[in-house]
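For reference, coords-v7.txt (compact mmCIF, N, CA and C atoms):
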```txt
# COMPACT_ATOMS: atom_id res chain seq x y z
N MET A 213 -143.99 26.12 58.09
CA MET A 213 -144.65 24.97 57.52
C MET A 213 -144.12 24.69 56.12
N PHE A 214 -143.98 25.74 55.29
CA PHE A 214 -143.49 25.53 53.94
C PHE A 214 -142.04 25.06 53.94
N ASN A 215 -141.28 25.52 54.91
CA ASN A 215 -139.89 25.11 55.01
C ASN A 215 -139.80 23.61 55.26
N PHE A 216 -140.68 23.08 56.08
CA PHE A 216 -140.68 21.66 56.39
C PHE A 216 -141.10 20.83 55.17
N ILE A 217 -142.07 21.29 54.44
CA ILE A 217 -142.57 20.55 53.28
C ILE A 217 -141.55 20.58 52.15
N ASN A 218 -140.91 21.68 51.94
CA ASN A 218 -139.99 21.83 50.82
C ASN A 218 -138.56 21.42 51.15
N ASN A 219 -138.34 20.90 52.32
CA ASN A 219 -136.99 20.51 52.71
C ASN A 219 -136.54 19.31 51.88
N MET A 220 -135.57 19.50 51.03
CA MET A 220 -135.11 18.45 50.12
C MET A 220 -134.15 17.48 50.80
N PHE A 221 -133.67 17.83 51.97
CA PHE A 221 -132.65 17.03 52.62
C PHE A 221 -133.19 16.11 53.70
N ARG A 222 -134.44 15.85 53.67
CA ARG A 222 -135.01 14.91 54.64
C ARG A 222 -134.55 13.50 54.28
N SER A 223 -134.37 12.69 55.29
CA SER A 223 -133.95 11.32 55.02
C SER A 223 -135.14 10.48 54.57
N ALA A 224 -134.85 9.35 53.96
CA ALA A 224 -135.91 8.46 53.47
C ALA A 224 -136.73 7.90 54.63
N GLU A 225 -136.09 7.70 55.76
CA GLU A 225 -136.81 7.16 56.91
C GLU A 225 -137.84 8.17 57.43
N GLN A 226 -137.46 9.46 57.46
CA GLN A 226 -138.39 10.49 57.90
C GLN A 226 -139.58 10.57 56.95
N GLN A 227 -139.30 10.48 55.66
CA GLN A 227 -140.38 10.53 54.69
C GLN A 227 -141.31 9.33 54.84
N ALA A 228 -140.73 8.16 55.10
CA ALA A 228 -141.54 6.96 55.26
C ALA A 228 -142.41 7.07 56.50
N VAL A 229 -141.85 7.62 57.58
CA VAL A 229 -142.61 7.76 58.82
C VAL A 229 -143.75 8.75 58.61
N GLU A 230 -143.46 9.86 57.95
CA GLU A 230 -144.50 10.86 57.72
C GLU A 230 -145.61 10.30 56.84
N SER A 231 -145.23 9.61 55.79
CA SER A 231 -146.26 9.12 54.88
C SER A 231 -147.05 7.98 55.51
N SER A 232 -146.41 7.15 56.33
CA SER A 232 -147.15 6.05 56.94
C SER A 232 -148.10 6.56 58.02
N THR A 233 -147.70 7.60 58.74
CA THR A 233 -148.60 8.14 59.75
C THR A 233 -149.74 8.90 59.11
N SER A 234 -149.47 9.53 58.00
CA SER A 234 -150.54 10.30 57.37
C SER A 234 -151.53 9.39 56.65
N SER A 235 -151.05 8.28 56.10
CA SER A 235 -151.97 7.41 55.37
C SER A 235 -152.63 6.38 56.27
N GLY A 236 -151.99 6.08 57.38
CA GLY A 236 -152.57 5.13 58.30
C GLY A 236 -152.29 3.68 57.92
N ASP A 237 -151.53 3.44 56.88
CA ASP A 237 -151.24 2.08 56.46
C ASP A 237 -149.92 1.61 57.08
N GLY A 238 -149.89 0.38 57.49
CA GLY A 238 -148.66 -0.21 58.01
C GLY A 238 -147.88 -0.94 56.93
N ASP A 239 -148.40 -0.92 55.71
CA ASP A 239 -147.77 -1.63 54.60
C ASP A 239 -146.43 -1.01 54.23
N GLN A 240 -146.34 0.31 54.30
CA GLN A 240 -145.10 0.96 53.92
C GLN A 240 -143.97 0.60 54.87
N LYS A 241 -144.30 0.43 56.12
CA LYS A 241 -143.27 0.06 57.09
C LYS A 241 -142.75 -1.33 56.79
N LYS A 242 -143.65 -2.23 56.43
CA LYS A 242 -143.24 -3.58 56.05
C LYS A 242 -142.38 -3.56 54.80
N GLU A 243 -142.77 -2.71 53.83
CA GLU A 243 -142.00 -2.59 52.59
C GLU A 243 -140.61 -2.07 52.87
N GLN A 244 -140.51 -1.09 53.77
CA GLN A 244 -139.20 -0.54 54.12
C GLN A 244 -138.31 -1.61 54.76
N GLU A 245 -138.89 -2.40 55.65
CA GLU A 245 -138.12 -3.46 56.29
C GLU A 245 -137.67 -4.50 55.26
N GLN A 246 -138.56 -4.81 54.33
CA GLN A 246 -138.22 -5.78 53.29
C GLN A 246 -137.11 -5.22 52.40
N LYS A 247 -137.17 -3.95 52.07
CA LYS A 247 -136.13 -3.33 51.24
C LYS A 247 -134.79 -3.33 51.97
N LYS A 248 -134.83 -3.09 53.29
CA LYS A 248 -133.59 -3.12 54.07
C LYS A 248 -132.99 -4.51 54.07
N GLU A 249 -133.83 -5.53 54.20
CA GLU A 249 -133.34 -6.91 54.17
C GLU A 249 -132.72 -7.24 52.82
N GLU A 250 -133.42 -6.85 51.75
CA GLU A 250 -132.90 -7.11 50.41
C GLU A 250 -131.58 -6.41 50.19
N LYS A 251 -131.48 -5.18 50.66
CA LYS A 251 -130.25 -4.42 50.52
C LYS A 251 -129.12 -5.10 51.29
N LYS A 252 -129.44 -5.62 52.47
CA LYS A 252 -128.44 -6.30 53.28
C LYS A 252 -127.91 -7.53 52.53
N TYR A 253 -128.79 -8.29 51.89
CA TYR A 253 -128.36 -9.47 51.14
C TYR A 253 -127.54 -9.09 49.91
N LEU A 254 -127.90 -7.99 49.27
CA LEU A 254 -127.17 -7.56 48.09
C LEU A 254 -125.78 -7.05 48.43
N GLU A 255 -125.65 -6.45 49.61
CA GLU A 255 -124.37 -5.88 49.99
C GLU A 255 -123.39 -6.93 50.50
N GLN A 256 -123.87 -8.08 50.88
CA GLN A 256 -122.98 -9.13 51.37
C GLN A 256 -122.13 -9.65 50.22
N GLU A 257 -120.85 -9.81 50.49
CA GLU A 257 -119.95 -10.32 49.47
C GLU A 257 -119.95 -11.83 49.52
N GLU A 258 -120.01 -12.42 48.35
CA GLU A 258 -119.96 -13.87 48.25
C GLU A 258 -118.73 -14.27 47.47
N ALA A 259 -118.23 -15.43 47.77
CA ALA A 259 -117.07 -15.94 47.05
C ALA A 259 -117.45 -16.26 45.62
N ASP A 260 -116.56 -15.91 44.68
CA ASP A 260 -116.81 -16.19 43.28
C ASP A 260 -116.55 -17.65 42.93
N GLU A 261 -115.70 -18.28 43.69
CA GLU A 261 -115.35 -19.67 43.41
C GLU A 261 -116.26 -20.62 44.16
N VAL A 262 -116.56 -21.70 43.54
CA VAL A 262 -117.35 -22.73 44.17
C VAL A 262 -116.53 -24.01 44.16
N ARG A 263 -116.32 -24.57 45.31
CA ARG A 263 -115.58 -25.83 45.41
C ARG A 263 -116.59 -26.97 45.43
N ILE A 264 -116.42 -27.88 44.51
CA ILE A 264 -117.35 -28.98 44.40
C ILE A 264 -116.86 -30.14 45.27
N GLY A 265 -117.61 -30.44 46.27
CA GLY A 265 -117.32 -31.61 47.10
C GLY A 265 -116.02 -31.55 47.87
N GLY A 266 -115.37 -30.41 47.94
CA GLY A 266 -114.14 -30.28 48.69
C GLY A 266 -113.03 -31.17 48.17
N ARG A 267 -112.92 -31.32 46.88
CA ARG A 267 -111.89 -32.19 46.29
C ARG A 267 -110.51 -31.61 46.56
N PRO A 268 -109.53 -32.48 46.74
CA PRO A 268 -108.17 -32.00 47.03
C PRO A 268 -107.53 -31.38 45.80
N GLU A 269 -106.65 -30.43 46.04
CA GLU A 269 -105.92 -29.80 44.95
C GLU A 269 -104.82 -30.74 44.48
N LEU A 270 -104.50 -30.64 43.21
CA LEU A 270 -103.48 -31.51 42.62
C LEU A 270 -102.07 -31.00 42.92
N THR A 271 -101.16 -31.93 43.04
CA THR A 271 -99.76 -31.58 43.20
C THR A 271 -99.09 -31.55 41.83
N GLU A 272 -97.87 -31.08 41.81
CA GLU A 272 -97.13 -30.99 40.55
C GLU A 272 -96.91 -32.37 39.92
N GLU A 273 -96.59 -33.35 40.73
CA GLU A 273 -96.36 -34.71 40.23
C GLU A 273 -97.64 -35.30 39.65
N GLU A 274 -98.77 -35.05 40.31
CA GLU A 274 -100.04 -35.56 39.82
C GLU A 274 -100.41 -34.92 38.49
N VAL A 275 -100.16 -33.62 38.37
CA VAL A 275 -100.47 -32.91 37.12
C VAL A 275 -99.62 -33.48 35.99
N MET A 276 -98.35 -33.70 36.25
CA MET A 276 -97.47 -34.25 35.21
C MET A 276 -97.91 -35.64 34.80
N GLY A 277 -98.21 -36.49 35.77
CA GLY A 277 -98.65 -37.85 35.48
C GLY A 277 -99.97 -37.89 34.73
N MET A 278 -100.90 -37.05 35.13
CA MET A 278 -102.19 -37.01 34.47
C MET A 278 -102.06 -36.48 33.04
N THR A 279 -101.15 -35.54 32.85
CA THR A 279 -100.92 -35.00 31.50
C THR A 279 -100.35 -36.06 30.58
N VAL A 280 -99.38 -36.81 31.08
CA VAL A 280 -98.78 -37.89 30.27
C VAL A 280 -99.84 -38.92 29.92
N ASP A 281 -100.66 -39.30 30.88
CA ASP A 281 -101.73 -40.27 30.61
C ASP A 281 -102.72 -39.74 29.58
N TYR A 282 -103.10 -38.48 29.73
CA TYR A 282 -104.07 -37.87 28.82
C TYR A 282 -103.52 -37.81 27.39
N ILE A 283 -102.26 -37.40 27.26
CA ILE A 283 -101.65 -37.31 25.93
C ILE A 283 -101.50 -38.69 25.31
N ASN A 284 -101.12 -39.68 26.12
CA ASN A 284 -100.99 -41.05 25.59
C ASN A 284 -102.34 -41.60 25.11
N LYS A 285 -103.40 -41.30 25.82
CA LYS A 285 -104.73 -41.74 25.39
C LYS A 285 -105.13 -41.05 24.08
N LEU A 286 -104.80 -39.77 23.96
CA LEU A 286 -105.09 -39.08 22.71
C LEU A 286 -104.28 -39.67 21.55
N LYS A 287 -103.04 -39.99 21.83
CA LYS A 287 -102.20 -40.58 20.78
C LYS A 287 -102.74 -41.93 20.35
N ASN A 288 -103.27 -42.71 21.28
CA ASN A 288 -103.88 -44.00 20.92
C ASN A 288 -105.12 -43.79 20.06
N ASN A 289 -105.91 -42.78 20.39
CA ASN A 289 -107.13 -42.50 19.62
C ASN A 289 -106.82 -41.99 18.22
N TYR A 290 -105.72 -41.26 18.06
CA TYR A 290 -105.34 -40.69 16.78
C TYR A 290 -104.08 -41.35 16.22
N SER A 291 -103.92 -42.63 16.47
CA SER A 291 -102.71 -43.34 16.02
C SER A 291 -102.58 -43.39 14.51
N ASP A 292 -103.67 -43.27 13.78
CA ASP A 292 -103.62 -43.30 12.32
C ASP A 292 -103.20 -41.96 11.72
N ASN A 293 -103.23 -40.88 12.51
CA ASN A 293 -102.87 -39.54 12.02
C ASN A 293 -101.50 -39.16 12.59
N GLU A 294 -100.46 -39.20 11.75
CA GLU A 294 -99.09 -38.94 12.21
C GLU A 294 -98.88 -37.48 12.61
N LYS A 295 -99.54 -36.56 11.92
CA LYS A 295 -99.38 -35.14 12.23
C LYS A 295 -99.88 -34.83 13.63
N VAL A 296 -101.03 -35.39 13.98
CA VAL A 296 -101.60 -35.16 15.31
C VAL A 296 -100.70 -35.76 16.38
N CYS A 297 -100.19 -36.97 16.13
CA CYS A 297 -99.28 -37.60 17.10
C CYS A 297 -98.01 -36.78 17.29
N ALA A 298 -97.49 -36.21 16.20
CA ALA A 298 -96.29 -35.37 16.29
C ALA A 298 -96.58 -34.11 17.10
N LYS A 299 -97.75 -33.50 16.88
CA LYS A 299 -98.13 -32.32 17.65
C LYS A 299 -98.28 -32.64 19.13
N LEU A 300 -98.86 -33.81 19.43
CA LEU A 300 -99.03 -34.21 20.83
C LEU A 300 -97.69 -34.48 21.50
N ASP A 301 -96.76 -35.12 20.76
CA ASP A 301 -95.41 -35.35 21.31
C ASP A 301 -94.71 -34.02 21.59
N LYS A 302 -94.85 -33.08 20.68
CA LYS A 302 -94.23 -31.76 20.86
C LYS A 302 -94.83 -31.05 22.07
N PHE A 303 -96.17 -31.13 22.22
CA PHE A 303 -96.85 -30.52 23.37
C PHE A 303 -96.33 -31.13 24.67
N LEU A 304 -96.19 -32.44 24.70
CA LEU A 304 -95.74 -33.12 25.91
C LEU A 304 -94.29 -32.77 26.24
N SER A 305 -93.45 -32.65 25.21
CA SER A 305 -92.04 -32.32 25.47
C SER A 305 -91.89 -30.89 26.00
N LYS A 306 -92.78 -29.98 25.60
CA LYS A 306 -92.69 -28.59 26.05
C LYS A 306 -93.52 -28.32 27.30
N PHE A 307 -94.27 -29.31 27.77
CA PHE A 307 -95.18 -29.10 28.89
C PHE A 307 -94.40 -28.84 30.17
N ASP A 308 -94.75 -27.76 30.86
CA ASP A 308 -94.12 -27.39 32.13
C ASP A 308 -95.21 -27.38 33.21
N ALA A 309 -95.12 -28.33 34.12
CA ALA A 309 -96.16 -28.48 35.15
C ALA A 309 -96.23 -27.27 36.08
N LYS A 310 -95.08 -26.70 36.42
CA LYS A 310 -95.07 -25.54 37.32
C LYS A 310 -95.80 -24.35 36.69
N ARG A 311 -95.49 -24.08 35.44
CA ARG A 311 -96.13 -22.96 34.75
C ARG A 311 -97.63 -23.24 34.56
N PHE A 312 -97.96 -24.48 34.25
CA PHE A 312 -99.36 -24.88 34.08
C PHE A 312 -100.14 -24.64 35.37
N MET A 313 -99.55 -25.01 36.50
CA MET A 313 -100.22 -24.82 37.79
C MET A 313 -100.26 -23.34 38.19
N LYS A 314 -99.24 -22.59 37.76
CA LYS A 314 -99.24 -21.16 38.07
C LYS A 314 -100.35 -20.44 37.29
N ASN A 315 -100.55 -20.84 36.04
CA ASN A 315 -101.60 -20.25 35.21
C ASN A 315 -102.99 -20.71 35.64
N ASN A 316 -103.08 -21.87 36.27
CA ASN A 316 -104.36 -22.45 36.70
C ASN A 316 -104.26 -22.86 38.17
N PRO A 317 -104.32 -21.91 39.09
CA PRO A 317 -104.16 -22.26 40.51
C PRO A 317 -105.35 -23.04 41.05
N HIS A 318 -105.09 -23.78 42.10
CA HIS A 318 -106.12 -24.54 42.84
C HIS A 318 -106.83 -25.56 41.95
N LEU A 319 -106.08 -26.29 41.15
CA LEU A 319 -106.66 -27.29 40.26
C LEU A 319 -107.12 -28.52 41.03
N THR A 320 -108.29 -29.00 40.68
CA THR A 320 -108.76 -30.29 41.17
C THR A 320 -108.84 -31.21 39.96
N TYR A 321 -109.19 -32.48 40.16
CA TYR A 321 -109.24 -33.43 39.06
C TYR A 321 -110.18 -32.97 37.93
N PRO A 322 -111.42 -32.60 38.24
CA PRO A 322 -112.30 -32.17 37.14
C PRO A 322 -111.79 -30.90 36.46
N ASP A 323 -111.22 -29.98 37.24
CA ASP A 323 -110.68 -28.75 36.66
C ASP A 323 -109.56 -29.07 35.68
N PHE A 324 -108.70 -30.00 36.06
CA PHE A 324 -107.58 -30.37 35.21
C PHE A 324 -108.06 -30.84 33.85
N TYR A 325 -109.04 -31.71 33.84
CA TYR A 325 -109.51 -32.26 32.56
C TYR A 325 -110.17 -31.19 31.69
N MET A 326 -110.85 -30.23 32.29
CA MET A 326 -111.41 -29.14 31.50
C MET A 326 -110.31 -28.29 30.87
N VAL A 327 -109.29 -27.98 31.66
CA VAL A 327 -108.21 -27.12 31.18
C VAL A 327 -107.37 -27.84 30.13
N ILE A 328 -107.02 -29.09 30.38
CA ILE A 328 -106.17 -29.81 29.43
C ILE A 328 -106.91 -30.07 28.13
N TYR A 329 -108.21 -30.25 28.19
CA TYR A 329 -108.99 -30.39 26.97
C TYR A 329 -108.90 -29.12 26.13
N ASN A 330 -109.05 -27.98 26.80
CA ASN A 330 -108.97 -26.71 26.07
C ASN A 330 -107.58 -26.47 25.50
N GLU A 331 -106.55 -26.93 26.21
CA GLU A 331 -105.17 -26.77 25.74
C GLU A 331 -104.88 -27.63 24.51
N THR A 332 -105.42 -28.84 24.48
CA THR A 332 -105.07 -29.78 23.42
C THR A 332 -106.09 -29.85 22.28
N GLU A 333 -107.20 -29.16 22.42
CA GLU A 333 -108.25 -29.22 21.41
C GLU A 333 -107.75 -28.78 20.04
N GLY A 334 -106.95 -27.72 20.01
CA GLY A 334 -106.44 -27.21 18.74
C GLY A 334 -105.42 -28.12 18.08
N LEU A 335 -104.79 -28.98 18.85
CA LEU A 335 -103.78 -29.89 18.30
C LEU A 335 -104.40 -31.05 17.52
N LEU A 336 -105.66 -31.34 17.78
CA LEU A 336 -106.28 -32.51 17.19
C LEU A 336 -106.88 -32.25 15.82
N LYS A 337 -106.79 -31.04 15.34
CA LYS A 337 -107.39 -30.72 14.04
C LYS A 337 -106.39 -30.85 12.91
```

Target format structure tokens, applied to this file:
Amino acid sequence: MFNFINNMFRSAEQQAVESSTSSGDGDQKKEQEQKKEEKKYLEQEEADEVRIGGRPELTEEEVMGMTVDYINKLKNNYSDNEKVCAKLDKFLSKFDAKRFMKNNPHLTYPDFYMVIYNETEGLLK
């Protein structure tokens, strides 16, 4: 009897069965089932990326064209500041669409504008 009580290697299911039969409550069984369900949901792997609306990925030509348009709009907004325009021209001359797409894979239109904003933000100061 003491060997059974002091057995440290009993499984959690055996302990739950023993305690539920001794107490007469069915609540512990429900709790165990709920814990198993929660564990199942926690163990499931979910994708880290979320695609919004299934937008198509950009091609290299689209990225280059959108970059030129974006830089030209910035130059129009900062036409009175020659230093900013010179920085933007330099950025555009050094811009490599392949490398940009390699550093930022699976770009969609909204993604592009977030990334290009972060790239050019420092040039406007």

Next item on the list: Rounded to one decimal place, report the atom C of A:Glu272-atom N of A:Leu319 distance in Å.
Entry: 11.1 Å

Listed atoms of stretch 306-318 of chain A boxed axis-aligned with 4 Å per side, centre + edges as JSON:
```
{"center_x": -99.8, "center_y": -25.1, "center_z": 34.2, "size_x": 22.1, "size_y": 17.7, "size_z": 25.2}
```

Next item on the list: Mind checking which residues fall within 8 Å of A:Pro268, counting all atoms listed in the file, ignoring those fewer than 5 positions away in the same chain, and posting them as an NGL selection string?
Entry: :A and (318-321)

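The space between atom CA of A:Ala309 and atom CA of A:Val275 spans 6.5 Å.
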
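Going from atom CA of A:Leu254 to atom N of A:Asp239 covers 23.5 Å.
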
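If you count only C-alpha atoms and ignore residues fewer than 6 places along the chain from A:Thr279, what sits within 9 Å of it is A:Leu304, A:Phe307, A:Ala309, A:Phe324, A:Ile328.
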
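All residues of protein, DNA or RNA that reach within 10 Å of A:Ile283, judged by only C-alpha atoms and not counting those fewer than 3 positions away in the chain, are Met278, Thr279, Val280, Leu286, Lys287, Asn288, Asn289, Cys297, Leu300, Asp301, Phe303, Leu304, Ile328 and Thr332 of chain A.
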
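Among A:Tyr290, A:Lys302, A:Lys295, A:Met313, the residue with the shortest atom-to-atom distance to A:Thr271, counting all atoms listed in the file, is A:Met313.
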